[in-house]
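To be precise, the following lines are coords17.txt, and they hold compact mmCIF, C-alpha atoms.
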# COMPACT_ATOMS: atom_id res chain seq x y z
CA MET N 1 76.85 169.49 73.54
CA GLU N 2 75.83 167.08 70.84
CA THR N 3 78.88 164.88 71.06
CA PRO N 4 77.91 161.52 72.50
CA ILE N 5 79.67 160.41 75.62
CA SER N 6 82.05 157.55 74.96
CA PHE N 7 83.39 155.39 77.72
CA PHE N 8 86.14 154.13 75.48
CA SER N 9 89.09 156.18 74.39
CA GLY N 10 92.06 155.29 72.30
CA PHE N 11 95.49 154.28 73.44
CA GLY N 12 97.37 157.49 74.16
CA LEU N 13 100.62 158.83 75.48
CA GLN N 14 99.49 158.87 79.11
CA ASP N 15 98.72 155.17 78.78
CA VAL N 16 102.27 154.46 77.71
CA LEU N 17 103.35 156.26 80.86
CA PHE N 18 100.88 154.24 82.90
CA MET N 19 102.30 151.02 81.50
CA ALA N 20 105.85 152.19 82.11
CA GLN N 21 105.01 152.83 85.75
CA ALA N 22 103.41 149.41 85.98
CA ALA N 23 106.50 147.87 84.40
CA TRP N 24 108.56 149.62 87.04
CA ARG N 25 106.37 148.09 89.75
CA THR N 26 106.87 144.66 88.19
CA LEU N 27 110.62 145.20 88.27
CA LEU N 28 110.50 146.54 91.82
CA ILE N 29 108.65 143.61 93.35
CA SER N 30 110.66 141.06 91.36
CA VAL N 31 114.07 142.50 92.12
CA ILE N 32 113.40 142.85 95.84
CA SER N 33 111.87 139.40 96.22
CA ILE N 34 114.56 137.74 94.10
CA SER N 35 117.32 139.38 96.16
CA LEU N 36 115.77 138.60 99.54
CA GLY N 37 114.66 135.17 98.40
CA THR N 38 118.11 134.28 97.12
CA LEU N 39 119.69 135.30 100.40
CA LEU N 40 117.14 133.34 102.41
CA GLY N 41 117.28 130.43 99.98
CA ALA N 42 121.06 130.22 100.26
CA ILE N 43 120.72 129.96 104.04
CA PHE N 44 118.00 127.32 103.69
CA GLY N 45 120.14 125.43 101.20
CA TRP N 46 123.01 125.43 103.66
CA MET N 47 120.66 124.22 106.39
CA LEU N 48 119.39 121.43 104.15
CA TYR N 49 122.98 120.40 103.51
CA GLU N 50 124.24 120.60 107.07
CA GLY N 51 121.28 119.89 109.31
CA ARG N 52 120.64 116.28 108.56
CA VAL N 53 117.68 114.91 110.46
CA TRP N 54 115.73 117.95 111.52
CA ALA N 55 116.17 119.68 108.18
CA THR N 56 114.78 116.74 106.23
CA LEU N 57 112.01 116.37 108.80
CA PHE N 58 110.89 119.97 109.10
CA LEU N 59 112.47 122.35 106.62
CA ALA N 60 112.31 120.20 103.49
CA PRO N 61 108.53 119.51 103.65
CA VAL N 62 107.80 123.21 104.18
CA LEU N 63 109.96 124.22 101.22
CA ASP N 64 108.39 121.42 99.20
CA ALA N 65 104.91 122.75 99.95
CA PHE N 66 105.80 126.07 98.32
CA ARG N 67 106.66 124.17 95.17
CA SER N 68 103.59 121.95 95.22
CA VAL N 69 100.91 124.60 95.66
CA PRO N 70 100.15 127.10 92.88
CA LEU N 71 101.65 130.50 93.57
CA ILE N 72 98.31 132.18 93.02
CA ILE N 73 96.77 130.09 95.82
CA GLN N 74 99.69 130.96 98.09
CA LEU N 75 99.15 134.64 97.38
CA VAL N 76 95.42 134.60 98.09
CA LEU N 77 95.96 132.43 101.14
CA PHE N 78 98.59 134.66 102.70
CA TYR N 79 96.78 137.87 101.79
CA ASN N 80 93.74 136.62 103.68
CA PHE N 81 95.73 135.00 106.46
CA ALA N 82 97.76 138.08 107.40
CA PRO N 83 94.82 140.01 108.91
CA ILE N 84 93.85 136.94 110.94
CA ILE N 85 97.12 137.08 112.83
CA GLY N 86 96.82 140.84 113.13
CA LEU N 87 99.11 141.94 110.32
CA ASN N 88 97.96 144.78 108.17
CA LEU N 89 99.66 144.26 104.84
CA ASP N 90 98.78 145.84 101.53
CA ALA N 91 98.94 144.02 98.22
CA PHE N 92 102.57 144.94 97.60
CA GLN N 93 103.77 143.77 101.00
CA SER N 94 101.81 140.52 100.88
CA GLY N 95 103.02 139.85 97.37
CA LEU N 96 106.57 140.57 98.45
CA VAL N 97 106.40 138.16 101.38
CA VAL N 98 104.94 135.33 99.30
CA LEU N 99 107.26 135.87 96.33
CA THR N 100 110.26 135.98 98.65
CA ALA N 101 109.26 132.76 100.36
CA TYR N 102 108.57 131.15 96.99
CA THR N 103 111.95 132.26 95.65
CA ALA N 104 113.66 131.04 98.81
CA ALA N 105 112.03 127.62 98.46
CA LEU N 106 113.23 127.32 94.87
CA VAL N 107 116.70 128.71 95.56
CA ALA N 108 117.16 126.41 98.56
CA SER N 109 117.39 123.28 96.43
CA VAL N 110 119.61 125.11 93.93
CA ALA N 111 121.92 126.27 96.72
CA ARG N 112 122.05 122.81 98.22
CA GLY N 113 123.06 121.44 94.83
CA GLY N 114 125.74 124.12 94.66
CA ILE N 115 127.23 123.12 98.00
CA GLU N 116 127.12 119.46 97.05
CA SER N 117 128.91 120.20 93.78
CA VAL N 118 132.01 121.28 95.70
CA GLY N 119 133.96 118.09 96.28
CA LYS N 120 134.80 116.88 99.76
CA PRO N 121 138.57 116.72 99.00
CA MET N 122 138.49 120.40 98.05
CA ARG N 123 136.90 121.31 101.37
CA ARG N 124 139.24 119.11 103.36
CA ALA N 125 142.14 120.77 101.58
CA ALA N 126 140.78 124.17 102.55
CA ARG N 127 140.42 123.13 106.17
CA SER N 128 143.88 121.59 106.27
CA LEU N 129 145.30 124.87 104.98
CA GLY N 130 144.09 126.33 108.26
CA MET N 131 140.85 127.91 107.07
CA SER N 132 138.03 127.94 109.59
CA TYR N 133 134.67 126.41 108.69
CA TRP N 134 133.29 129.81 107.73
CA GLN N 135 136.35 130.76 105.72
CA ASP N 136 136.04 127.51 103.83
CA LEU N 137 132.36 128.31 103.17
CA ARG N 138 133.08 131.88 102.13
CA TYR N 139 136.25 131.51 100.06
CA VAL N 140 135.96 127.98 98.67
CA VAL N 141 132.37 126.74 98.62
CA LEU N 142 130.70 130.02 97.66
CA PRO N 143 132.76 130.87 94.55
CA ILE N 144 132.87 127.32 93.20
CA GLY N 145 129.32 126.34 94.13
CA ALA N 146 127.80 129.60 92.87
CA ARG N 147 129.51 129.08 89.54
CA ALA N 148 128.14 125.55 89.24
CA VAL N 149 124.52 126.50 89.84
CA PHE N 150 124.51 129.97 88.27
CA PRO N 151 122.45 128.88 85.23
CA SER N 152 119.79 127.20 87.36
CA TRP N 153 119.67 130.25 89.63
CA VAL N 154 119.06 132.45 86.58
CA GLY N 155 116.26 130.09 85.62
CA VAL N 156 114.68 130.51 89.05
CA ALA N 157 115.08 134.30 88.97
CA LEU N 158 113.50 134.59 85.54
CA GLY N 159 110.70 132.29 86.69
CA VAL N 160 110.00 134.60 89.63
CA LEU N 161 110.10 137.66 87.36
CA LYS N 162 107.43 136.07 85.19
CA ASP N 163 105.44 134.76 88.14
CA SER N 164 105.36 138.23 89.69
CA ALA N 165 102.52 138.84 87.24
CA LEU N 166 100.36 136.80 89.59
CA VAL N 167 100.55 139.43 92.33
CA SER N 168 97.95 141.23 90.22
CA VAL N 169 95.38 138.92 91.77
CA LEU N 170 95.77 140.86 95.03
CA GLY N 171 95.17 144.17 93.26
CA TYR N 172 98.80 145.22 92.89
CA VAL N 173 98.89 147.10 89.58
CA GLU N 174 101.90 145.56 87.90
CA LEU N 175 102.37 145.32 84.17
CA LEU N 176 99.85 142.64 83.32
CA ARG N 177 97.19 144.14 85.57
CA ALA N 178 97.79 147.56 84.01
CA SER N 179 97.38 146.14 80.54
CA GLN N 180 94.16 144.46 81.62
CA ILE N 181 92.85 147.80 82.86
CA LEU N 182 93.85 149.50 79.62
CA MET N 183 92.32 146.72 77.53
CA THR N 184 89.02 147.24 79.26
CA ARG N 185 89.07 150.94 78.56
CA THR N 186 90.56 151.20 75.10
CA GLN N 187 89.16 147.98 73.65
CA GLU N 188 92.46 147.38 71.90
CA PRO N 189 93.47 144.11 73.48
CA LEU N 190 95.95 142.86 70.92
CA LEU N 191 98.10 146.00 70.88
CA ILE N 192 98.27 146.33 74.66
CA ILE N 193 98.83 142.68 75.46
CA SER N 194 101.59 142.65 72.87
CA ILE N 195 103.31 145.59 74.51
CA ALA N 196 103.15 143.84 77.88
CA GLY N 197 104.46 140.62 76.38
CA ALA N 198 107.23 142.46 74.58
CA PHE N 199 108.37 144.00 77.86
CA TYR N 200 108.67 140.64 79.62
CA PHE N 201 110.34 139.14 76.57
CA ALA N 202 112.81 141.99 76.24
CA LEU N 203 113.81 141.49 79.84
CA SER N 204 113.84 137.71 80.02
CA TYR N 205 115.20 136.68 76.64
CA PRO N 206 118.61 138.43 76.79
CA ILE N 207 119.21 137.18 80.32
CA SER N 208 118.36 133.58 79.44
CA ARG N 209 120.54 133.76 76.33
CA TYR N 210 123.38 135.19 78.37
CA SER N 211 123.04 132.47 80.99
CA ALA N 212 123.00 129.76 78.29
CA LYS N 213 126.18 131.24 76.85
CA VAL N 214 127.87 131.36 80.24
CA GLU N 215 126.83 127.77 80.90
CA LYS N 216 128.33 126.67 77.61
CA ARG N 217 131.57 128.52 78.27
CA TRP N 218 131.97 127.12 81.77
CA SER N 219 131.16 123.56 80.77
CA GLN N 220 134.03 123.54 78.26
CA MET H 1 94.85 139.49 118.00
CA PHE H 2 93.31 136.29 116.75
CA GLU H 3 89.69 137.26 116.97
CA TYR H 4 88.93 135.44 113.77
CA ASN H 5 86.49 132.57 113.90
CA PHE H 6 87.25 129.87 111.46
CA HIS H 7 84.27 128.39 109.71
CA TRP H 8 85.14 125.17 108.02
CA ARG H 9 81.64 123.77 107.65
CA PRO H 10 80.77 125.49 104.35
CA VAL H 11 84.06 124.31 102.92
CA PHE H 12 83.40 120.72 103.81
CA ARG H 13 79.90 121.00 102.48
CA SER H 14 81.24 122.04 99.08
CA LEU H 15 84.13 119.59 99.18
CA PRO H 16 82.49 117.26 96.62
CA ASP H 17 82.25 120.18 94.20
CA LEU H 18 85.88 121.07 94.80
CA LEU H 19 87.00 117.49 94.21
CA GLU H 20 84.99 117.37 91.02
CA ALA H 21 86.62 120.61 89.93
CA SER H 22 90.02 119.12 90.69
CA LEU H 23 89.21 116.37 88.20
CA LEU H 24 88.65 119.12 85.64
CA THR H 25 92.06 120.54 86.59
CA LEU H 26 93.66 117.15 86.03
CA GLN H 27 91.80 116.74 82.77
CA VAL H 28 92.86 120.05 81.27
CA ALA H 29 96.43 119.61 82.50
CA THR H 30 96.71 116.11 81.04
CA LEU H 31 95.14 117.11 77.76
CA SER H 32 97.46 120.11 77.47
CA MET H 33 100.39 117.78 78.15
CA VAL H 34 99.37 115.41 75.36
CA ILE H 35 98.98 118.30 72.92
CA GLY H 36 102.18 119.85 74.25
CA ILE H 37 104.16 116.63 73.75
CA VAL H 38 102.97 116.23 70.15
CA ILE H 39 103.64 119.88 69.24
CA GLY H 40 106.84 119.96 71.27
CA LEU H 41 108.21 116.95 69.41
CA GLY H 42 107.37 118.64 66.12
CA LEU H 43 109.00 121.90 67.19
CA SER H 44 112.19 120.25 68.37
CA VAL H 45 112.54 118.17 65.19
CA ILE H 46 111.99 121.31 63.10
CA ARG H 47 114.61 123.19 65.10
CA LEU H 48 117.12 120.38 64.77
CA ARG H 49 116.65 119.49 61.13
CA LEU H 50 115.29 122.45 59.22
CA ARG H 51 116.36 125.98 58.38
CA GLY H 52 114.32 128.85 56.98
CA PRO H 53 110.85 130.12 57.88
CA LEU H 54 109.74 126.96 59.66
CA TYR H 55 112.83 127.07 61.85
CA TRP H 56 112.12 130.66 62.79
CA PHE H 57 108.50 129.88 63.52
CA ALA H 58 109.48 127.04 65.86
CA THR H 59 112.18 129.12 67.53
CA ALA H 60 109.81 132.03 68.04
CA TRP H 61 107.27 129.69 69.60
CA VAL H 62 109.80 128.17 72.00
CA GLU H 63 111.32 131.49 73.03
CA LEU H 64 107.96 133.20 73.47
CA ALA H 65 106.63 130.35 75.56
CA ARG H 66 109.72 130.31 77.75
CA ASN H 67 110.27 134.04 78.14
CA THR H 68 106.82 135.43 78.88
CA PRO H 69 104.59 134.78 81.89
CA ALA H 70 102.09 131.95 81.57
CA LEU H 71 99.44 134.44 82.61
CA PHE H 72 100.36 136.64 79.66
CA GLN H 73 99.95 133.64 77.37
CA LEU H 74 96.53 132.94 78.83
CA PHE H 75 95.51 136.59 78.44
CA PHE H 76 96.72 136.51 74.88
CA PHE H 77 94.50 133.57 74.02
CA GLY H 78 91.69 135.02 76.11
CA PHE H 79 91.68 138.70 75.16
CA GLY H 80 94.27 139.18 72.44
CA LEU H 81 92.58 136.86 69.97
CA GLY H 82 89.39 138.83 70.47
CA ALA H 83 90.91 141.36 68.07
CA PHE H 84 90.53 138.80 65.30
CA GLY H 85 87.00 138.03 66.40
CA TRP H 86 87.98 134.73 67.98
CA HIS H 87 86.32 134.32 71.32
CA LEU H 88 87.39 131.15 73.03
CA THR H 89 85.54 129.62 75.94
CA PRO H 90 87.38 129.70 79.29
CA TYR H 91 88.14 126.00 78.90
CA MET H 92 89.67 126.57 75.48
CA ILE H 93 91.65 129.58 76.73
CA VAL H 94 93.27 127.53 79.48
CA LEU H 95 93.82 124.53 77.22
CA ALA H 96 95.36 126.66 74.45
CA GLY H 97 97.52 128.65 76.88
CA LEU H 98 98.80 125.58 78.71
CA SER H 99 99.42 123.67 75.48
CA PHE H 100 101.35 126.60 74.04
CA ASN H 101 103.45 126.83 77.19
CA ASN H 102 103.99 123.08 77.53
CA ALA H 103 104.98 122.74 73.88
CA GLY H 104 107.60 125.47 74.26
CA TYR H 105 109.18 124.05 77.41
CA LEU H 106 108.97 120.44 76.24
CA ALA H 107 110.49 121.28 72.85
CA GLU H 108 113.61 122.41 74.65
CA ASN H 109 113.69 119.19 76.70
CA PHE H 110 113.12 117.08 73.60
CA ARG H 111 115.92 118.86 71.81
CA GLY H 112 118.31 117.75 74.51
CA GLY H 113 116.80 114.28 74.29
CA PHE H 114 117.28 114.04 70.52
CA GLN H 115 120.87 115.17 70.88
CA ALA H 116 121.46 112.48 73.50
CA VAL H 117 120.39 109.69 71.11
CA PRO H 118 123.42 108.57 69.06
CA ASP H 119 123.38 109.44 65.35
CA THR H 120 123.96 105.81 64.53
CA GLN H 121 120.43 104.96 65.65
CA MET H 122 118.99 107.02 62.84
CA ARG H 123 121.41 105.63 60.28
CA ALA H 124 120.73 102.07 61.42
CA ALA H 125 116.99 102.64 61.13
CA ARG H 126 117.35 104.11 57.65
CA SER H 127 119.59 101.29 56.49
CA LEU H 128 116.96 98.80 57.65
CA GLY H 129 114.72 100.33 55.02
CA MET H 130 112.60 102.54 57.29
CA ASN H 131 111.59 105.88 55.88
CA LEU H 132 112.14 109.11 57.80
CA TRP H 133 108.74 109.04 59.47
CA GLN H 134 109.14 105.43 60.57
CA SER H 135 112.61 105.94 61.95
CA TYR H 136 111.42 108.91 63.98
CA THR H 137 108.23 107.38 65.35
CA ARG H 138 109.60 103.88 65.94
CA ILE H 139 113.24 104.40 66.81
CA LEU H 140 114.08 107.93 67.89
CA VAL H 141 110.98 109.27 69.64
CA PRO H 142 110.57 106.28 72.01
CA GLN H 143 114.17 106.71 73.14
CA VAL H 144 113.77 110.46 73.53
CA LEU H 145 110.59 110.08 75.58
CA ARG H 146 112.46 107.72 77.87
CA ILE H 147 115.36 110.15 78.30
CA VAL H 148 113.11 113.10 79.11
CA TYR H 149 110.67 111.13 81.25
CA TYR H 150 111.46 112.97 84.49
CA PRO H 151 111.46 116.47 82.98
CA MET H 152 108.13 115.51 81.47
CA THR H 153 106.62 114.57 84.83
CA ASN H 154 107.87 117.90 86.18
CA GLN H 155 106.17 119.63 83.30
CA LEU H 156 102.94 117.82 84.11
CA VAL H 157 103.16 119.07 87.68
CA TRP H 158 103.77 122.58 86.33
CA ALA H 159 100.75 122.21 84.06
CA VAL H 160 98.57 121.31 87.03
CA LEU H 161 99.88 124.30 88.98
CA MET H 162 99.58 126.63 86.00
CA SER H 163 95.99 125.60 85.34
CA SER H 164 95.15 127.52 88.53
CA LEU H 165 95.51 130.66 86.42
CA GLY H 166 92.20 129.59 84.90
CA MET H 167 90.57 131.38 87.81
CA LEU H 168 91.63 134.71 86.27
CA VAL H 169 89.92 134.00 82.95
CA GLY H 170 86.74 132.65 84.46
CA PHE H 171 87.45 128.94 84.13
CA ARG H 172 85.93 126.96 86.96
CA GLU H 173 88.58 124.36 87.58
CA LEU H 174 89.77 123.83 91.14
CA SER H 175 90.92 127.41 91.71
CA GLY H 176 88.07 129.00 89.83
CA GLU H 177 85.55 126.89 91.73
CA THR H 178 87.25 127.78 95.00
CA GLN H 179 87.06 131.46 94.19
CA PHE H 180 83.42 131.08 93.26
CA PHE H 181 82.56 129.48 96.60
CA ALA H 182 84.87 131.79 98.54
CA SER H 183 83.25 134.92 97.16
CA ARG H 184 79.82 133.50 97.86
CA THR H 185 80.50 132.73 101.50
CA TYR H 186 83.36 135.15 102.28
CA ARG H 187 85.27 132.26 103.86
CA ILE H 188 88.21 133.03 101.59
CA PHE H 189 90.98 131.76 103.83
CA GLU H 190 89.25 128.49 104.67
CA TYR H 191 88.42 127.71 101.06
CA PHE H 192 91.85 128.47 99.72
CA ALA H 193 93.54 126.54 102.55
CA VAL H 194 91.59 123.43 101.62
CA THR H 195 92.33 124.00 97.94
CA ALA H 196 96.03 124.31 98.70
CA VAL H 197 95.88 120.93 100.41
CA ILE H 198 94.05 119.42 97.44
CA TYR H 199 96.73 120.75 95.05
CA TYR H 200 99.48 119.41 97.29
CA VAL H 201 97.91 115.96 97.41
CA MET H 202 97.30 116.03 93.66
CA VAL H 203 100.94 116.86 92.95
CA LYS H 204 102.15 114.12 95.30
CA ILE H 205 99.86 111.57 93.65
CA ILE H 206 101.13 112.54 90.20
CA LEU H 207 104.76 112.23 91.30
CA LEU H 208 104.13 108.89 93.01
CA ALA H 209 102.21 107.55 90.02
CA SER H 210 104.93 108.62 87.62
CA ARG H 211 107.59 106.92 89.77
CA LEU H 212 105.55 103.71 89.84
CA LEU H 213 104.98 103.96 86.10
CA ALA H 214 108.70 104.47 85.58
CA VAL H 215 109.46 101.26 87.44
CA ARG H 216 107.03 99.42 85.20
CA LEU H 217 108.11 101.12 81.96
CA PHE H 218 111.86 101.02 82.43
CA ARG H 219 112.26 97.50 83.76
CA TYR H 220 115.05 96.59 81.40
Target encoding structure tokens, full file:
Amino acid sequence: METPISFFSGFGLQDVLFMAQAAWRTLLISVISISLGTLLGAIFGWMLYEGRVWATLFLAPVLDAFRSVPLIIQLVLFYNFAPIIGLNLDAFQSGLVVLTAYTAALVASVARGGIESVGKPMRRAARSLGMSYWQDLRYVVLPIGARAVFPSWVGVALGVLKDSALVSVLGYVELLRASQILMTRTQEPLLIISIAGAFYFALSYPISRYSAKVEKRWSQ
Amino acid sequence: MFEYNFHWRPVFRSLPDLLEASLLTLQVATLSMVIGIVIGLGLSVIRLRLRGPLYWFATAWVELARNTPALFQLFFFGFGLGAFGWHLTPYMIVLAGLSFNNAGYLAENFRGGFQAVPDTQMRAARSLGMNLWQSYTRILVPQVLRIVYYPMTNQLVWAVLMSSLGMLVGFRELSGETQFFASRTYRIFEYFAVTAVIYYVMVKIILLASRLLAVRLFRY
């Protein structure tokens, strides 16, 4: 009974597990929001390209606002706005909505660039071969345009993966939040923050290298 | 639904404080840009001209800055360095984190810029009797800064947006100040809505100012 109570305990195996779970949550929220956001962003990009007046008047400023306000402010704002309009969202759902919208806003301009990169003669040729508008979009614009903007899309996706760390501000225990919790308990900040950083790096670095390689190969 | 009563009065009462805090945001972002440009230039020159340990140091810096979340970088300077007994003030944490990040991203831009300047410029400068330092500072760097002017303004905007992470390390710039007031009055939505508008306006002013400056700088 003489052992003094300590509130701090060392970094143990269960903490590795805790961080692995948190890393999984980081992956989960990023992958879902990147997928949904890319889909939505592609549609927005098409709207920006096709809808001339009303898109530049209404859609473009909204998308621009997502890029001009810090993500962390967007998260807090939406998290506190949702209950006002009667939505009951937890941290994960709110984070997912905001990250998806943020991704969509970034992907929209990428997608628009992709559509613009497909030359008009190419599209006219497709139409004159008897393709419908949608066939032209699906079989000509999509493969060529996606190829042209693939590197910038990877950049956006990796940006969202890294920015998903900000969802921690709502209380969602993703990797960085988990390491903060562990740092408080174990008092071993350098070790834990390095593990967290290594995880992001191990995920992001190979993908960015791969995308740079692909870009180089395609530009030749 | 919609039983929420908006209270904007406390927000407007603390608007002067918020605007003052936004000056602090601009200050730390600008300062981190200046430091980032200087270090970024150094890193890109090292990566282009040298091999060996210095090259690996510069490469590690650039890749770490680009492949880990900005929040991780802030936490590293905030908590990680505590392991060495270095305890930075919140201002220094944000400044160091942003400078580290800016330097990494800018170094990559500068590298492209240096490669875009013809080799003959350097040889011409050297044959005029300039030493290496002179030919860099007087001939190459001015041209590079002109080439990467627009990526640099984007980076400044990113620095302003990233500085909002200061709120998570206790720095009372615009976001931190907003959080302080919001938690005191529980008018979280109202405060963050106004702050979002302030950020938006700030970003627009920066972009407008940089366009005007570009007209003046690049007249010929």
Tell me, counting only C-alpha atoms, for each residue of chain N within 7 Å of chain H, which pair of atoms is nearest and how far apart they are in Å to one decimal, in rows ordered by chain and increasing number, as CSV.
residue,atom,partner,partner_atom,distance
N:Ala65,CA,H:Tyr200,CA,6.9
N:Ser68,CA,H:Tyr200,CA,5.3
N:Val69,CA,H:Tyr200,CA,5.6
N:Pro70,CA,H:Leu161,CA,4.8
N:Ile73,CA,H:Phe192,CA,6.5
N:Leu77,CA,H:Phe189,CA,5.7
N:Asn80,CA,H:Phe189,CA,5.6
N:Phe81,CA,H:Phe189,CA,6.3
N:Ile84,CA,H:Tyr4,CA,5.9
N:Ile85,CA,H:Phe2,CA,5.5
N:Gly86,CA,H:Met1,CA,5.4
N:Lys162,CA,H:Pro69,CA,4.5
N:Asp163,CA,H:Pro69,CA,6.3
N:Pro189,CA,H:Gly80,CA,5.1
N:Leu190,CA,H:Gly80,CA,4.3
N:Ile193,CA,H:Gly80,CA,6.5
N:Gly197,CA,H:Thr68,CA,6.2
N:Tyr200,CA,H:Thr68,CA,5.6
N:Phe201,CA,H:Asn67,CA,5.3
N:Ser204,CA,H:Asn67,CA,5.5
N:Tyr205,CA,H:Asn67,CA,5.8
My list of candidates is N:Arg112, N:Arg67, N:Lys120, N:Arg147. Which is closest to Ala55 (chain N) when distances are computed with only C-alpha atoms? N:Arg112
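If you look at CA of Gly10 (chain N) and CA of Thr186 (chain N), they are 5.2 Å away from each other.
Every protein or nucleic acid residue with an atom no more than 12 Å from region 215-217 of chain H, counting only C-alpha atoms and leaving out same-chain residues fewer than 3 positions away, appears here: Pro142, Leu145, Arg146, Tyr149, Leu208, Ala209, Ser210, Arg211, Leu212 and Tyr220 of chain H.
You will find CA of Gly85 (chain H) at 21.1 Å from CA of Leu98 (chain H).
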Separation of CA of Ser135 (chain H) from CA of Val45 (chain H), in Å and rounded to one decimal: 12.7 Å
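Proximity to Arg123 (chain H) at 12 Å, evaluated using only C-alpha atoms and with sequence-adjacent residues fewer than 3 positions away removed, yields H:Val117, H:Pro118, H:Asp119, H:Thr120, H:Arg126, H:Ser127, H:Leu128, H:Gly129, H:Met130, H:Asn131, H:Leu132, H:Ser135, H:Tyr136, H:Ile139, H:Leu140.
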Which neighbours of Ile147 (chain H) fall inside 10 Å, counting all atoms listed in the file, when residues of the same chain fewer than 5 positions from it are skipped, and could you give them as number ranges by chain? H: 109-110, 112-114, 116-117, 141-142, 152
Close residues, Gly113 (chain N) itself excluded, 12 Å, only C-alpha atoms, min 4 positions apart in chain, as a PyMOL selection string: chain N and resi 41-42+44-46+48-49+106-109+117-119+141-142+144-150+152-153
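Using all atoms listed in the file, the nearest neighbour of Ala23 (chain N) within the list N:Gln135, N:Ser164, N:Thr184, N:Ser9 is N:Ser164.
Proximity of H:Leu213, H:Ala159, H:Ala182, H:Ile39 to Gln27 (chain H), computed with only C-alpha atoms, is greatest for H:Ala159.
Neighbourhood of point (91.2, 120.6, 89.7): residues with an atom at most 8 Å away, counting only C-alpha atoms, are Leu18, Leu19, Glu20, Ala21, Ser22, Leu23, Leu24, Thr25, Leu26, Gln27, Val160, Glu173, Leu174, Ser175 and Tyr199 of chain H.
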